[in-house]
Structures are given as structure tokens and as C-alpha cells.
file structure_4.pdb (PDB, C-alpha atoms and all ligand atoms)
MODEL        1
ATOM      1  CA  MET A   1      85.852  94.205  75.884  1.00  0.00           C
ATOM      2  CA  SER A   2      87.215  96.393  73.141  1.00  0.00           C
ATOM      3  CA  GLU A   3      88.254  95.161  69.711  1.00  0.00           C
ATOM      4  CA  LEU A   4      90.689  92.279  69.677  1.00  0.00           C
ATOM      5  CA  THR A   5      94.239  92.933  68.574  1.00  0.00           C
ATOM      6  CA  ARG A   6      96.457  90.085  67.470  1.00  0.00           C
ATOM      7  CA  PHE A   7     100.124  89.938  68.360  1.00  0.00           C
ATOM      8  CA  SER A   8     102.705  87.206  68.317  1.00  0.00           C
ATOM      9  CA  VAL A   9     104.679  86.125  71.346  1.00  0.00           C
ATOM     10  CA  ALA A  10     107.949  84.227  71.388  1.00  0.00           C
ATOM     11  CA  MET A  11     108.081  81.650  74.147  1.00  0.00           C
ATOM     12  CA  PRO A  12     110.305  78.693  74.984  1.00  0.00           C
ATOM     13  CA  ALA A  13     108.666  75.414  73.902  1.00  0.00           C
ATOM     14  CA  ASP A  14     108.508  73.948  77.398  1.00  0.00           C
ATOM     15  CA  LEU A  15     106.866  77.106  78.772  1.00  0.00           C
ATOM     16  CA  MET A  16     104.358  76.881  75.923  1.00  0.00           C
ATOM     17  CA  GLU A  17     103.582  73.290  76.900  1.00  0.00           C
ATOM     18  CA  GLU A  18     103.002  74.410  80.476  1.00  0.00           C
ATOM     19  CA  LEU A  19     100.703  77.134  79.182  1.00  0.00           C
ATOM     20  CA  ASP A  20      98.673  74.591  77.228  1.00  0.00           C
ATOM     21  CA  ARG A  21      98.402  72.311  80.270  1.00  0.00           C
ATOM     22  CA  TYR A  22      97.379  75.309  82.370  1.00  0.00           C
ATOM     23  CA  THR A  23      94.779  76.271  79.763  1.00  0.00           C
ATOM     24  CA  ALA A  24      93.382  72.721  79.767  1.00  0.00           C
ATOM     25  CA  ARG A  25      93.068  72.798  83.558  1.00  0.00           C
ATOM     26  CA  ARG A  26      91.131  76.078  83.377  1.00  0.00           C
ATOM     27  CA  GLY A  27      88.154  74.322  81.779  1.00  0.00           C
ATOM     28  CA  VAL A  28      86.542  73.569  78.467  1.00  0.00           C
ATOM     29  CA  ALA A  29      85.592  77.164  77.668  1.00  0.00           C
ATOM     30  CA  LYS A  30      89.192  78.347  77.792  1.00  0.00           C
ATOM     31  CA  ASN A  31      91.591  78.510  74.889  1.00  0.00           C
ATOM     32  CA  ARG A  32      95.171  79.756  74.820  1.00  0.00           C
ATOM     33  CA  SER A  33      94.190  83.376  74.052  1.00  0.00           C
ATOM     34  CA  GLU A  34      91.569  83.390  76.761  1.00  0.00           C
ATOM     35  CA  ALA A  35      94.019  81.951  79.283  1.00  0.00           C
ATOM     36  CA  ILE A  36      96.573  84.654  78.477  1.00  0.00           C
ATOM     37  CA  ARG A  37      93.937  87.397  78.734  1.00  0.00           C
ATOM     38  CA  ASP A  38      92.932  86.066  82.168  1.00  0.00           C
ATOM     39  CA  LEU A  39      96.567  86.043  83.293  1.00  0.00           C
ATOM     40  CA  VAL A  40      97.055  89.641  82.169  1.00  0.00           C
ATOM     41  CA  ARG A  41      93.873  90.762  83.957  1.00  0.00           C
ATOM     42  CA  SER A  42      94.956  88.939  87.069  1.00  0.00           C
ATOM     43  CA  ALA A  43      98.376  90.629  87.021  1.00  0.00           C
ATOM     44  CA  LEU A  44      96.783  94.057  86.528  1.00  0.00           C
ATOM     45  CA  VAL A  45      94.302  93.509  89.350  1.00  0.00           C
ATOM     46  CA  ASP A  46      97.109  92.294  91.639  1.00  0.00           C
ATOM     47  CA  GLU A  47      99.014  95.467  90.878  1.00  0.00           C
ATOM     48  CA  THR A  48      95.957  97.702  91.331  1.00  0.00           C
ATOM     49  CA  VAL A  49      95.033  96.378  94.759  1.00  0.00           C
ATOM     50  CA  GLU A  50      98.541  97.173  96.040  1.00  0.00           C
ATOM     51  CA  ASP A  51      97.912 100.877  95.417  1.00  0.00           C
ATOM     52  CA  PRO A  52      96.654 102.278  98.758  1.00  0.00           C
ATOM     53  CA  ASP A  53      94.316 104.700  96.952  1.00  0.00           C
ATOM     54  CA  ALA A  54      92.873 102.206  94.473  1.00  0.00           C
ATOM     55  CA  GLN A  55      89.165 101.424  94.720  1.00  0.00           C
ATOM     56  CA  ILE A  56      88.920  97.762  95.593  1.00  0.00           C
ATOM     57  CA  PHE A  57      86.547  95.159  96.913  1.00  0.00           C
ATOM     58  CA  GLY A  58      87.473  93.178  99.989  1.00  0.00           C
ATOM     59  CA  THR A  59      85.822  90.048 101.312  1.00  0.00           C
ATOM     60  CA  LEU A  60      86.713  89.296 104.891  1.00  0.00           C
ATOM     61  CA  THR A  61      85.910  85.877 106.298  1.00  0.00           C
ATOM     62  CA  MET A  62      86.354  85.487 110.034  1.00  0.00           C
ATOM     63  CA  VAL A  63      85.562  83.013 112.767  1.00  0.00           C
ATOM     64  CA  PHE A  64      84.949  83.998 116.357  1.00  0.00           C
ATOM     65  CA  ASP A  65      83.487  82.732 119.602  1.00  0.00           C
ATOM     66  CA  HIS A  66      80.419  84.837 120.305  1.00  0.00           C
ATOM     67  CA  HIS A  67      80.727  84.123 124.026  1.00  0.00           C
ATOM     68  CA  ALA A  68      83.934  86.165 124.183  1.00  0.00           C
ATOM     69  CA  ASN A  69      83.467  89.327 126.222  1.00  0.00           C
ATOM     70  CA  ASP A  70      81.331  91.917 124.302  1.00  0.00           C
ATOM     71  CA  LEU A  71      82.993  90.760 121.090  1.00  0.00           C
ATOM     72  CA  ARG A  72      79.849  91.112 118.971  1.00  0.00           C
ATOM     73  CA  ASP A  73      79.512  94.734 120.145  1.00  0.00           C
ATOM     74  CA  LYS A  74      83.115  95.527 119.275  1.00  0.00           C
ATOM     75  CA  LEU A  75      82.901  93.935 115.839  1.00  0.00           C
ATOM     76  CA  ASP A  76      79.626  95.722 115.115  1.00  0.00           C
ATOM     77  CA  SER A  77      81.023  99.074 116.283  1.00  0.00           C
ATOM     78  CA  ILE A  78      83.963  98.801 113.899  1.00  0.00           C
ATOM     79  CA  GLN A  79      81.586  98.047 111.033  1.00  0.00           C
ATOM     80  CA  HIS A  80      79.173 100.863 111.943  1.00  0.00           C
ATOM     81  CA  ALA A  81      82.082 103.306 112.039  1.00  0.00           C
ATOM     82  CA  HIS A  82      82.755 102.390 108.405  1.00  0.00           C
ATOM     83  CA  CYS A  83      79.235 101.995 107.070  1.00  0.00           C
ATOM     84  CA  SER A  84      80.131 103.569 103.719  1.00  0.00           C
ATOM     85  CA  GLU A  85      82.769 100.877 103.141  1.00  0.00           C
ATOM     86  CA  VAL A  86      80.973  97.889 104.672  1.00  0.00           C
ATOM     87  CA  VAL A  87      78.548  96.938 101.934  1.00  0.00           C
ATOM     88  CA  SER A  88      77.127  93.699 103.245  1.00  0.00           C
ATOM     89  CA  SER A  89      77.703  90.973 105.770  1.00  0.00           C
ATOM     90  CA  MET A  90      76.515  87.459 106.376  1.00  0.00           C
ATOM     91  CA  HIS A  91      76.536  85.701 109.716  1.00  0.00           C
ATOM     92  CA  VAL A  92      76.407  81.956 110.218  1.00  0.00           C
ATOM     93  CA  HIS A  93      75.957  80.391 113.655  1.00  0.00           C
ATOM     94  CA  VAL A  94      78.296  77.452 113.182  1.00  0.00           C
ATOM     95  CA  ASP A  95      77.817  75.650 116.471  1.00  0.00           C
ATOM     96  CA  GLU A  96      77.172  76.422 120.131  1.00  0.00           C
ATOM     97  CA  HIS A  97      80.219  78.679 120.366  1.00  0.00           C
ATOM     98  CA  ASN A  98      81.474  79.647 116.960  1.00  0.00           C
ATOM     99  CA  CYS A  99      80.265  82.164 114.449  1.00  0.00           C
ATOM    100  CA  LEU A 100      81.401  82.623 110.867  1.00  0.00           C
ATOM    101  CA  GLU A 101      81.027  86.081 109.405  1.00  0.00           C
ATOM    102  CA  VAL A 102      81.661  87.210 105.844  1.00  0.00           C
ATOM    103  CA  ILE A 103      81.941  90.959 105.365  1.00  0.00           C
ATOM    104  CA  ILE A 104      82.030  92.563 101.929  1.00  0.00           C
ATOM    105  CA  MET A 105      83.682  95.953 101.711  1.00  0.00           C
ATOM    106  CA  LYS A 106      84.472  98.419  98.988  1.00  0.00           C
ATOM    107  CA  GLY A 107      86.600 101.524  99.086  1.00  0.00           C
ATOM    108  CA  ALA A 108      90.187 102.669  99.039  1.00  0.00           C
ATOM    109  CA  SER A 109      92.578  99.751  99.404  1.00  0.00           C
ATOM    110  CA  SER A 110      94.217 101.205 102.517  1.00  0.00           C
ATOM    111  CA  VAL A 111      90.860 101.831 104.218  1.00  0.00           C
ATOM    112  CA  VAL A 112      89.520  98.347 103.436  1.00  0.00           C
ATOM    113  CA  ARG A 113      92.731  96.773 104.767  1.00  0.00           C
ATOM    114  CA  GLY A 114      92.550  98.975 107.856  1.00  0.00           C
ATOM    115  CA  ILE A 115      89.005  97.841 108.661  1.00  0.00           C
ATOM    116  CA  SER A 116      90.031  94.229 108.104  1.00  0.00           C
ATOM    117  CA  ASP A 117      93.031  94.596 110.427  1.00  0.00           C
ATOM    118  CA  ALA A 118      90.838  96.181 113.102  1.00  0.00           C
ATOM    119  CA  LEU A 119      88.293  93.346 112.910  1.00  0.00           C
ATOM    120  CA  LEU A 120      90.836  90.517 112.788  1.00  0.00           C
ATOM    121  CA  GLY A 121      92.848  92.171 115.571  1.00  0.00           C
ATOM    122  CA  THR A 122      89.898  92.273 117.944  1.00  0.00           C
ATOM    123  CA  LYS A 123      90.447  89.988 120.913  1.00  0.00           C
ATOM    124  CA  GLY A 124      88.304  86.876 120.558  1.00  0.00           C
ATOM    125  CA  VAL A 125      88.482  86.639 116.772  1.00  0.00           C
ATOM    126  CA  LEU A 126      90.015  83.222 116.221  1.00  0.00           C
ATOM    127  CA  HIS A 127      91.095  83.505 112.606  1.00  0.00           C
ATOM    128  CA  GLY A 128      90.175  85.023 109.315  1.00  0.00           C
ATOM    129  CA  LYS A 129      91.365  86.191 105.965  1.00  0.00           C
ATOM    130  CA  LEU A 130      90.850  89.159 103.677  1.00  0.00           C
ATOM    131  CA  VAL A 131      90.601  88.553  99.934  1.00  0.00           C
ATOM    132  CA  VAL A 132      90.893  91.661  97.803  1.00  0.00           C
ATOM    133  CA  THR A 133      90.034  92.241  94.189  1.00  0.00           C
ATOM    134  CA  ALA A 134      89.242  95.022  91.754  1.00  0.00           C
ATOM    135  CA  ILE A 135      87.480  95.266  88.448  1.00  0.00           C
ATOM    136  CA  ALA A 136      90.083  94.702  85.721  1.00  0.00           C
ATOM    137  CA  PRO A 137      91.016  98.018  84.049  1.00  0.00           C
ATOM    138  CA  GLU A 138      89.319  97.108  80.749  1.00  0.00           C
ATOM    139  CA  GLY A 139      86.080  96.309  82.538  1.00  0.00           C
ATOM    140  CA  HIS A 140      85.221  99.664  84.056  1.00  0.00           C
ATOM    141  CA  THR A 141      84.958 103.180  82.843  1.00  0.00           C
ATOM    142  CA  HIS A 142      87.508 105.016  84.868  1.00  0.00           C
ATOM    143  CA  GLU A 143      88.038 108.671  85.353  1.00  0.00           C
ATOM    144  CA  HIS A 144      91.414 110.114  85.970  1.00  0.00           C
ATOM    145  CA  GLU A 145      91.457 112.564  88.762  1.00  0.00           C
ATOM    146  CA  HIS A 146      94.214 115.083  88.797  1.00  0.00           C
ATOM    147  CA  ALA A 147      95.071 117.173  91.772  1.00  0.00           C
ATOM    148  CA  HIS A 148      96.109 120.054  89.570  1.00  0.00           C
ATOM    149  CA  GLU A 149      95.414 121.374  86.119  1.00  0.00           C
ATOM    150  CA  HIS A 150      98.038 120.449  83.616  1.00  0.00           C
ATOM    151  CA  THR A 151      98.406 120.639  79.916  1.00  0.00           C
ATOM    152  CA  HIS A 152     101.318 118.354  79.087  1.00  0.00           C
ATOM    153  CA  GLU A 153     100.769 115.315  76.903  1.00  0.00           C
ATOM    154  CA  HIS A 154     100.572 112.084  78.782  1.00  0.00           C
ATOM    155  CA  THR A 155      99.449 108.551  78.270  1.00  0.00           C
ATOM    156  CA  HIS A 156      97.848 106.317  80.826  1.00  0.00           C
ATOM    157  CA  GLU A 157      99.023 102.754  81.173  1.00  0.00           C
ATOM    158  CA  PHE A 158      95.487 101.404  81.408  1.00  0.00           C
TER     159      PHE A 158
HETATM  160 NI    NI B 201      76.502  83.449 115.582  1.00  0.00          NI
ENDMDL
END
call {"tool": "encode", "arguments": {"input": "structure_4.pdb", "output": "C-alpha cells"}}
result
Amino acid sequence: MSELTRFSVAMPADLMEELDRYTARRGVAKNRSEAIRDLVRSALVDETVEDPDAQIFGTLTMVFDHHANDLRDKLDSIQHAHCSEVVSSMHVHVDEHNCLEVIIMKGASSVVRGISDALLGTKGVLHGKLVVTAIAPEGHTHEHEHAHEHTHEHTHEF
């Protein structure tokens, strides 16, 4: 984290009370400033992951019946086809029929979502959910890539 800058915010009293209740629910280590910083990071991450080209992390949790026709093969093939994005996976044999698999991916938002859609759309997958996140802009050293050379002055919103 870079140096802290103080600023004042005007807020309706009842919204402020809600903020304090929210802060209290977040746990003992959180104060009002910390809660606001977390909210800002969360908003920035939410915005980042919507960008199809943004580098994100995706955690896909899915449940399937391993008896379904060559389902394991199909799910593995999709993952092997994207081995640079599929970072890790964990498989749990839940009961006689059902398997739970957690797949961690990283890569461009659109690619990660595409892999997730392919896996969840495979016949025999019962249900699942993709959770996406990114490192908050302040937390990583980012490079700006430009498709062309340019000399004009510009500022980046990060
Ligand atoms: Ni299994």
C-alpha cells in the first residue's frame, strides 16, 4: 500500500450509521477507513473482471456424476486444451455417484469465462459456479501495453 492520504467525505447521517454497522460486522480488525478501502477495492475489482481482456483468477466449483457417459474424458479434454489457463484442480469423490471438482484458472477474463462455460455446459455436469477475482489495482505492479506508439499526455485511472 502506498502512503495514506486523508480526505473528508460528506454522507447522510443514516448512511453513516449503516456504514458503522457494516464495519462492525466485518470484524474486530476493521475500522471505518479500512471498511471504505475494502469497498473501493471491491468496486475496482468488480469493474476489472468485467473487462474481457483483464487478467483475472477464476475458481470454478462443479458437481457431476462420474458415471455419465465419458464425462470425465470430456472435462479433462477441455482442461488439457487450456493448460496454460488451468492452474490447479482438486477432485473430491463425494459419494458413489457424485464428484466435486474445484478448478482454479488464471488468464484473460473472456478466456476464463469461456472455459467455465464449456465445462459447465458439458452434458452430465449437474451444477456449478464460477467465482472471479483480480488483484486490486494498488496491489500489483502493472504495465500498460499500448498497441501503438504515442506521445500525448495521458493519465491512467489506476
Ligand atoms: Ni470422483
call {"tool": "closest_residue", "arguments": {"input": "structure_4.pdb", "among": "A:Val45, A:Val86, A:Leu100, A:Val28", "to": "ligand NI 201 (chain B)", "atoms": "only C-alpha atoms and all ligand atoms"}}
result
A:Leu100
call {"tool": "closest_residue", "arguments": {"input": "structure_4.pdb", "among": "A:Ile104, A:Ala35, A:Val94, A:Leu75", "to": "ligand NI 201 (chain B)", "atoms": "only C-alpha atoms and all ligand atoms"}}
result
A:Val94
call {"tool": "residues_around", "arguments": {"input": "structure_4.pdb", "residues": "region 112-117 of chain A", "least_positions_apart": "2", "cutoff": "10 Å", "atoms": "all atoms listed in the file", "output": "ChimeraX atom specification"}}
result
/A:52,55-62,78-79,81-82,85-86,103-110,119-122,128-132
call {"tool": "atom_distance", "arguments": {"input": "structure_4.pdb", "atom1": "CA of Ala134 (chain A)", "atom2": "CA of Val92 (chain A)"}}
result
26.0 Å
call {"tool": "residues_near_ligand", "arguments": {"input": "structure_4.pdb", "ligand": "ligand NI 201 (chain B)", "cutoff": "12 Å", "atoms": "all atoms listed in the file", "output": "PyMOL selection string"}}
result
chain A and resi 62-68+71-72+90-102
call {"tool": "write_last_selection", "arguments": {"input": "structure_4.pdb", "atoms": "C-alpha atoms", "output": "short mmCIF file (atom, residue, chain, number, x, y, z; two decimals), keeping the file's coordinate frame"}}
result
data_model
loop_
_atom_site.label_atom_id
_atom_site.label_comp_id
_atom_site.auth_asym_id
_atom_site.auth_seq_id
_atom_site.Cartn_x
_atom_site.Cartn_y
_atom_site.Cartn_z
CA MET A 62 86.35 85.49 110.03
CA VAL A 63 85.56 83.01 112.77
CA PHE A 64 84.95 84.00 116.36
CA ASP A 65 83.49 82.73 119.60
CA HIS A 66 80.42 84.84 120.30
CA HIS A 67 80.73 84.12 124.03
CA ALA A 68 83.93 86.16 124.18
CA LEU A 71 82.99 90.76 121.09
CA ARG A 72 79.85 91.11 118.97
CA MET A 90 76.52 87.46 106.38
CA HIS A 91 76.54 85.70 109.72
CA VAL A 92 76.41 81.96 110.22
CA HIS A 93 75.96 80.39 113.66
CA VAL A 94 78.30 77.45 113.18
CA ASP A 95 77.82 75.65 116.47
CA GLU A 96 77.17 76.42 120.13
CA HIS A 97 80.22 78.68 120.37
CA ASN A 98 81.47 79.65 116.96
CA CYS A 99 80.26 82.16 114.45
CA LEU A 100 81.40 82.62 110.87
CA GLU A 101 81.03 86.08 109.40
CA VAL A 102 81.66 87.21 105.84
#
call {"tool": "closest_residue", "arguments": {"input": "structure_4.pdb", "among": "A:Asp73, A:Glu3, A:Glu47, A:Glu18", "to": "Pro137 (chain A)", "atoms": "only C-alpha atoms"}}
result
A:Glu47
call {"tool": "residues_around", "arguments": {"input": "structure_4.pdb", "residues": "Met16 (chain A)", "least_positions_apart": "6", "cutoff": "10 Å", "atoms": "all atoms listed in the file", "output": "MDAnalysis selection string"}}
result
chainID A and resid 10 22 32
call {"tool": "write_last_selection", "arguments": {"input": "structure_4.pdb", "atoms": "C-alpha atoms", "output": "PDB file, in the coordinates of the input"}}
result
ATOM      1  CA  ALA A  10     107.949  84.227  71.388  1.00  0.00           C
ATOM      2  CA  TYR A  22      97.379  75.309  82.370  1.00  0.00           C
ATOM      3  CA  ARG A  32      95.171  79.756  74.820  1.00  0.00           C
TER       4      ARG A  32
END
call {"tool": "atom_distance", "arguments": {"input": "structure_4.pdb", "atom1": "CA of Val49 (chain A)", "atom2": "CA of Val111 (chain A)"}}
result
11.7 Å
call {"tool": "residues_near_point", "arguments": {"input": "structure_4.pdb", "point": "(93.4, 93.3, 83.9)", "cutoff": "12 Å", "atoms": "all atoms listed in the file", "output": "PyMOL selection string"}}
result
chain A and resi 1+36-49+133-140+157-158
call {"tool": "atom_distance", "arguments": {"input": "structure_4.pdb", "atom1": "CA of Val9 (chain A)", "atom2": "CA of Asp51 (chain A)"}}
result
29.0 Å
